[in-house]
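So the structure is just underneath, and the comments pick up after that.
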Amino acid sequence: MNVAVLLSGGLDSTTALHWAHHHHKVVCALSFDYGSNHAARELACARRQADLLGVPYHEIDLRTISAHLQSALLSGADAIPTADYAEENLRQTVVPFRNGIFLAIAAGIAESNGAEGIVIAAHGGDHALYPDCREDFMDAMAAAIARGTYANLQILRPFITHTKAQITALGAELGVDFSQTYSCYCGRELHCGCCATCRERRESFTAASVPDPTVYES
């Protein structure tokens with residue numbers, strides 16, 4: 001199948017790109033600059049991963065849209081909660097309808113590039129606080145995209161029953177260079193080691209018994 005891959009440059013989406021490259025023909029990788037704190041470092045990793053596999057890479061600038069959205073991810077590194085891995089802190093990092101916006105735009109680009117499917121790295125470990133990561137949302141979005149495209153585009157969710165540790169283990173099997181991925185919400189040169197995504201990243205390597213090449217500040 002010809003597929004387009006949503007590629008942020010993080011651990012999950014990079015593994016999804018390598019999975020898609022192994023199982024399908026990747027006609028393009030799509031990244032979105034929505035003005036997050038970590039955009040520059042994450043997108044640089046996305047470009048490198050696409051280039052490594054010889055996949056056409058498209059970066060879409062959504063900063064004019066994100067200027068109207070409220071989220072700690074868009075407010076500067078000082079706004080990122082790190083003190084406590086609790087619901088109230090995690091909720092601050094939600095970007096409203098982010099995956100819905102990404103998938104709607106990706107559908108048009110994917111169909112224009114001859115794709116029959118869109119690969120997204122949504123997984124079973126995605127936090128329940130993120131409504132646009134849940135499977136019922138993905139089902140509804142998949143139905144809308146299929147009905148709204150001549151190509152009857154599918155949304156492929158290869159990791160929807162996987163934990164992040166299982167994704168990390170699969171990435172290692174596929175030869176992913178995890179040192180060329182970026183996750184930290186704060187966006188500094190080194191991963192902070194304290195924000196929610198740093199904690200999840202570190203825990204996934206430990207649970208998967210895969211060496212973690214990430215350098216953390218703490």
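Starting from 1 in every chain, residues are counted up; chains themselves are A, B, ... following the order of the structure tokens, and ligands are numbered from 1 as listed.
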>> Give me, as a list in words, the residues of region 47-214 of chain A that a backbone DSSP run labels strand (DSSP E).
In response: Tyr57, His58, Glu59, Ile60, Asp61, Gly117, Ile118, Val119, Gln154, Ile155 and Leu156 of chain A
> Within 7 Å of Asn2 (chain A), counting only C-alpha atoms, which residues qualify if same-chain residues fewer than 6 places away don't, as a list in words?
Replying inline: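 After dropping sequence-adjacent residues, the list is His24, Lys25, Val26, Val27, Ala115, Glu116 and Gly117 of chain A.
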Please report, as CSV, each residue of region 92-180 of chain A lying at most 12 Å from region 43-55 of chain A, together with the nearest pair of atoms and the separation in Å rounded to one decimal; use only C-alpha atoms, and order rows by chain and ascending residue number.
```
residue,atom,partner,partner_atom,distance
A:Gly175,CA,A:Leu53,CA,11.6
A:Val176,CA,A:Gln49,CA,8.9
A:Asp177,CA,A:Gln49,CA,8.8
A:Phe178,CA,A:Cys45,CA,9.8
A:Ser179,CA,A:Cys45,CA,9.2
A:Gln180,CA,A:Cys45,CA,5.6
```
>> Env of Ile60 (chain A): 7 Å cut, atoms = only C-alpha atoms, seq-sep filter 2 positions within chain, self excluded. Answer as a PyMOL selection string.
In response: chain A and resi 31-33+58+62
Would you save the residues from that selection as a compact mmCIF listing (two decimals), in the first residue's frame, using N, CA, C and O atoms?
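Okay, part-v2.txt is ready:
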```txt
# COMPACT_ATOMS: atom_id res chain seq x y z
N SER A 31 5.32 16.45 8.45
CA SER A 31 5.54 17.04 9.77
C SER A 31 4.82 18.38 9.83
O SER A 31 4.64 19.05 8.81
N PHE A 32 4.43 18.76 11.05
CA PHE A 32 3.69 20.00 11.24
C PHE A 32 4.40 20.88 12.26
O PHE A 32 4.69 20.44 13.38
N ASP A 33 4.70 22.10 11.86
CA ASP A 33 5.25 23.08 12.78
C ASP A 33 4.09 23.89 13.34
O ASP A 33 3.55 24.77 12.68
N HIS A 58 7.68 16.53 3.77
CA HIS A 58 6.93 17.79 3.66
C HIS A 58 6.69 18.34 5.06
O HIS A 58 6.19 17.62 5.94
N LEU A 62 1.92 25.49 10.61
CA LEU A 62 0.61 25.73 11.20
C LEU A 62 0.66 26.79 12.30
O LEU A 62 -0.26 26.90 13.10
```
Hey, could you make a per-residue contact list for region 194-217 of chain A against region 151-168 of chain A with 7 Å as the cut-off, showing the nearest pair of atoms and its distance in Å to one decimal, counting only C-alpha atoms, sorted by chain and number, as a Markdown table?
```
| residue | atom | partner | partner_atom | distance |
| --- | --- | --- | --- | --- |
| A:Ser204 | CA | A:Ala165 | CA | 4.2 |
| A:Phe205 | CA | A:Ala165 | CA | 6.4 |
| A:Ala207 | CA | A:Ala165 | CA | 5.7 |
| A:Ala208 | CA | A:Ala165 | CA | 5.0 |
```
Serialized selection, all heavy atoms, as a PDB file, in the first residue's frame:
```
ATOM      1  N   SER A 204      10.138   3.902  28.977  1.00  0.00           N
ATOM      2  CA  SER A 204       9.933   2.950  27.879  1.00  0.00           C
ATOM      3  C   SER A 204      11.212   2.182  27.565  1.00  0.00           C
ATOM      4  O   SER A 204      11.168   0.982  27.283  1.00  0.00           O
ATOM      5  CB  SER A 204       9.418   3.666  26.631  1.00  0.00           C
ATOM      6  OG  SER A 204      10.444   4.376  25.967  1.00  0.00           O
ATOM      7  N   PHE A 205      12.344   2.863  27.602  1.00  0.00           N
ATOM      8  CA  PHE A 205      13.619   2.172  27.366  1.00  0.00           C
ATOM      9  C   PHE A 205      13.888   1.151  28.471  1.00  0.00           C
ATOM     10  O   PHE A 205      14.319   0.022  28.197  1.00  0.00           O
ATOM     11  CB  PHE A 205      14.764   3.184  27.292  1.00  0.00           C
ATOM     12  CG  PHE A 205      14.867   3.900  25.980  1.00  0.00           C
ATOM     13  CD1 PHE A 205      14.480   5.227  25.863  1.00  0.00           C
ATOM     14  CD2 PHE A 205      15.359   3.261  24.854  1.00  0.00           C
ATOM     15  CE1 PHE A 205      14.577   5.893  24.660  1.00  0.00           C
ATOM     16  CE2 PHE A 205      15.468   3.916  23.638  1.00  0.00           C
ATOM     17  CZ  PHE A 205      15.069   5.242  23.529  1.00  0.00           C
ATOM     18  N   ALA A 207      11.672  -0.377  30.438  1.00  0.00           N
ATOM     19  CA  ALA A 207      10.720  -1.485  30.352  1.00  0.00           C
ATOM     20  C   ALA A 207      11.012  -2.403  29.177  1.00  0.00           C
ATOM     21  O   ALA A 207      10.751  -3.611  29.240  1.00  0.00           O
ATOM     22  CB  ALA A 207       9.301  -0.945  30.252  1.00  0.00           C
ATOM     23  N   ALA A 208      11.555  -1.834  28.101  1.00  0.00           N
ATOM     24  CA  ALA A 208      11.855  -2.635  26.905  1.00  0.00           C
ATOM     25  C   ALA A 208      13.242  -3.269  26.958  1.00  0.00           C
ATOM     26  O   ALA A 208      13.601  -4.034  26.057  1.00  0.00           O
ATOM     27  CB  ALA A 208      11.752  -1.754  25.665  1.00  0.00           C
TER      28      ALA A 208
END
```
I'd like the contact shell of region 138-144 of chain A - 12 Å cut-off, only C-alpha atoms, skipping same-chain residues fewer than 5 positions apart - returned as a PDB file with N, CA and C atoms, in the first residue's frame.
```
ATOM      1  N   PHE A  97      -7.448  19.521  19.850  1.00  0.00           N
ATOM      2  CA  PHE A  97      -7.765  18.882  18.563  1.00  0.00           C
ATOM      3  C   PHE A  97      -6.539  18.743  17.648  1.00  0.00           C
ATOM      4  N   ASN A  99      -4.467  16.226  16.813  1.00  0.00           N
ATOM      5  CA  ASN A  99      -4.469  15.127  15.849  1.00  0.00           C
ATOM      6  C   ASN A  99      -5.568  15.289  14.804  1.00  0.00           C
ATOM      7  N   GLY A 100      -6.702  15.881  15.201  1.00  0.00           N
ATOM      8  CA  GLY A 100      -7.760  16.134  14.228  1.00  0.00           C
ATOM      9  C   GLY A 100      -7.299  17.101  13.152  1.00  0.00           C
ATOM     10  N   ILE A 101      -6.614  18.161  13.557  1.00  0.00           N
ATOM     11  CA  ILE A 101      -6.084  19.137  12.600  1.00  0.00           C
ATOM     12  C   ILE A 101      -5.049  18.475  11.697  1.00  0.00           C
ATOM     13  N   PHE A 102      -4.140  17.726  12.308  1.00  0.00           N
ATOM     14  CA  PHE A 102      -3.092  17.060  11.521  1.00  0.00           C
ATOM     15  C   PHE A 102      -3.689  16.098  10.493  1.00  0.00           C
ATOM     16  N   LEU A 103      -4.621  15.262  10.932  1.00  0.00           N
ATOM     17  CA  LEU A 103      -5.172  14.238  10.043  1.00  0.00           C
ATOM     18  C   LEU A 103      -5.997  14.851   8.915  1.00  0.00           C
ATOM     19  N   ALA A 104      -6.728  15.923   9.211  1.00  0.00           N
ATOM     20  CA  ALA A 104      -7.526  16.566   8.169  1.00  0.00           C
ATOM     21  C   ALA A 104      -6.632  17.119   7.067  1.00  0.00           C
ATOM     22  N   ALA A 106      -3.456  16.172   6.525  1.00  0.00           N
ATOM     23  CA  ALA A 106      -2.728  15.043   5.941  1.00  0.00           C
ATOM     24  C   ALA A 106      -3.558  14.310   4.905  1.00  0.00           C
ATOM     25  N   ALA A 107      -4.868  14.243   5.099  1.00  0.00           N
ATOM     26  CA  ALA A 107      -5.720  13.538   4.141  1.00  0.00           C
ATOM     27  C   ALA A 107      -5.622  14.165   2.754  1.00  0.00           C
ATOM     28  N   GLY A 117      -3.307   5.279   2.277  1.00  0.00           N
ATOM     29  CA  GLY A 117      -3.437   5.234   3.729  1.00  0.00           C
ATOM     30  C   GLY A 117      -2.557   6.266   4.399  1.00  0.00           C
ATOM     31  N   ILE A 118      -2.907   6.600   5.632  1.00  0.00           N
ATOM     32  CA  ILE A 118      -2.130   7.511   6.466  1.00  0.00           C
ATOM     33  C   ILE A 118      -1.730   6.754   7.720  1.00  0.00           C
ATOM     34  N   VAL A 119      -0.449   6.755   8.030  1.00  0.00           N
ATOM     35  CA  VAL A 119       0.049   6.065   9.214  1.00  0.00           C
ATOM     36  C   VAL A 119       0.221   7.069  10.345  1.00  0.00           C
ATOM     37  N   ILE A 120      -0.366   6.774  11.487  1.00  0.00           N
ATOM     38  CA  ILE A 120      -0.218   7.610  12.674  1.00  0.00           C
ATOM     39  C   ILE A 120       0.196   6.718  13.835  1.00  0.00           C
ATOM     40  N   ALA A 121       1.053   7.244  14.702  1.00  0.00           N
ATOM     41  CA  ALA A 121       1.651   6.427  15.760  1.00  0.00           C
ATOM     42  C   ALA A 121       0.858   6.445  17.056  1.00  0.00           C
ATOM     43  N   ALA A 122      -0.430   6.712  16.995  1.00  0.00           N
ATOM     44  CA  ALA A 122      -1.267   6.619  18.198  1.00  0.00           C
ATOM     45  C   ALA A 122      -1.121   5.219  18.789  1.00  0.00           C
ATOM     46  N   HIS A 123      -0.994   5.152  20.121  1.00  0.00           N
ATOM     47  CA  HIS A 123      -0.740   3.844  20.738  1.00  0.00           C
ATOM     48  C   HIS A 123      -1.551   3.642  21.997  1.00  0.00           C
ATOM     49  N   TYR A 130      -5.903  12.816  26.638  1.00  0.00           N
ATOM     50  CA  TYR A 130      -5.792  13.342  25.285  1.00  0.00           C
ATOM     51  C   TYR A 130      -6.933  12.781  24.429  1.00  0.00           C
ATOM     52  N   PRO A 131      -8.030  13.511  24.293  1.00  0.00           N
ATOM     53  CA  PRO A 131      -9.212  12.949  23.622  1.00  0.00           C
ATOM     54  C   PRO A 131      -8.981  12.617  22.164  1.00  0.00           C
ATOM     55  N   ASP A 132      -8.042  13.315  21.498  1.00  0.00           N
ATOM     56  CA  ASP A 132      -7.812  13.041  20.078  1.00  0.00           C
ATOM     57  C   ASP A 132      -6.754  11.963  19.857  1.00  0.00           C
ATOM     58  N   CYS A 133      -6.440  11.211  20.912  1.00  0.00           N
ATOM     59  CA  CYS A 133      -5.587  10.023  20.788  1.00  0.00           C
ATOM     60  C   CYS A 133      -6.384   8.740  21.009  1.00  0.00           C
ATOM     61  N   THR A 149     -12.711  11.246   0.715  1.00  0.00           N
ATOM     62  CA  THR A 149     -11.637  11.164  -0.278  1.00  0.00           C
ATOM     63  C   THR A 149     -12.005  10.165  -1.365  1.00  0.00           C
ATOM     64  N   TYR A 150     -11.630  10.484  -2.594  1.00  0.00           N
ATOM     65  CA  TYR A 150     -11.826   9.544  -3.693  1.00  0.00           C
ATOM     66  C   TYR A 150     -11.019   8.265  -3.463  1.00  0.00           C
ATOM     67  N   ASN A 152     -10.590   6.796  -0.791  1.00  0.00           N
ATOM     68  CA  ASN A 152     -11.092   6.040   0.351  1.00  0.00           C
ATOM     69  C   ASN A 152      -9.964   5.778   1.359  1.00  0.00           C
ATOM     70  N   LEU A 153      -9.246   6.856   1.663  1.00  0.00           N
ATOM     71  CA  LEU A 153      -8.051   6.762   2.492  1.00  0.00           C
ATOM     72  C   LEU A 153      -8.328   6.072   3.823  1.00  0.00           C
ATOM     73  N   GLN A 154      -7.422   5.174   4.197  1.00  0.00           N
ATOM     74  CA  GLN A 154      -7.481   4.514   5.496  1.00  0.00           C
ATOM     75  C   GLN A 154      -6.541   5.214   6.473  1.00  0.00           C
ATOM     76  N   ILE A 155      -6.865   5.147   7.742  1.00  0.00           N
ATOM     77  CA  ILE A 155      -5.918   5.553   8.780  1.00  0.00           C
ATOM     78  C   ILE A 155      -5.355   4.287   9.406  1.00  0.00           C
ATOM     79  N   LEU A 156      -4.066   4.081   9.218  1.00  0.00           N
ATOM     80  CA  LEU A 156      -3.400   2.897   9.759  1.00  0.00           C
ATOM     81  C   LEU A 156      -2.829   3.242  11.130  1.00  0.00           C
ATOM     82  N   ARG A 157      -3.177   2.425  12.117  1.00  0.00           N
ATOM     83  CA  ARG A 157      -2.745   2.651  13.492  1.00  0.00           C
ATOM     84  C   ARG A 157      -2.046   1.385  13.999  1.00  0.00           C
ATOM     85  N   ILE A 160      -1.809   0.756  17.934  1.00  0.00           N
ATOM     86  CA  ILE A 160      -2.948   1.138  18.763  1.00  0.00           C
ATOM     87  C   ILE A 160      -3.124   0.216  19.968  1.00  0.00           C
TER      88      ILE A 160
END
```
> Using only C-alpha atoms, which of the listed residues (A:Glu217, A:Glu59, A:Glu203, A:Glu189) sits closest to Leu30 (chain A)?
Replying inline: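 Ranked by minimum distance to Leu30 (chain A), first place goes to A:Glu59.
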>> Here is a test: counting only C-alpha atoms, which residue of A:Met1, A:Leu7, A:Ala172, A:Val95 is nearest to Tyr34 (chain A)?
In response: A:Val95
> For Gly125 (chain A), which of A:Cys184, A:Ala40, A:Thr197, A:Asp61 is the closest residue, counting only C-alpha atoms?
Replying inline: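 The closest residue to Gly125 (chain A) is A:Thr197.
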> Just asking: which residues within region 126-195 of chain A are helix (DSSP H, G or I) according to DSSP, as a VMD selection string?
Replying inline: chain A and resid 131 to 133 135 to 147 164 to 173 178 to 180
> Which residue out of A:Asp12, A:Glu111, A:Asp212, A:Glu173 has the minimum interatomic distance to Gly124 (chain A) when only C-alpha atoms are used?
Replying inline: A:Asp12
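When the distance limit is 9 Å and only C-alpha atoms are what count, the residues near Thr214 (chain A), minus those fewer than 3 positions from it on the same chain, are A:Phe178, A:Ser179, A:Thr181, A:Tyr182, A:Leu190, A:His191, A:Arg202.
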> How many Å lie between CA of Ser66 (chain A) and CA of Cys194 (chain A), rounded to one decimal?
Replying inline: 24.8 Å
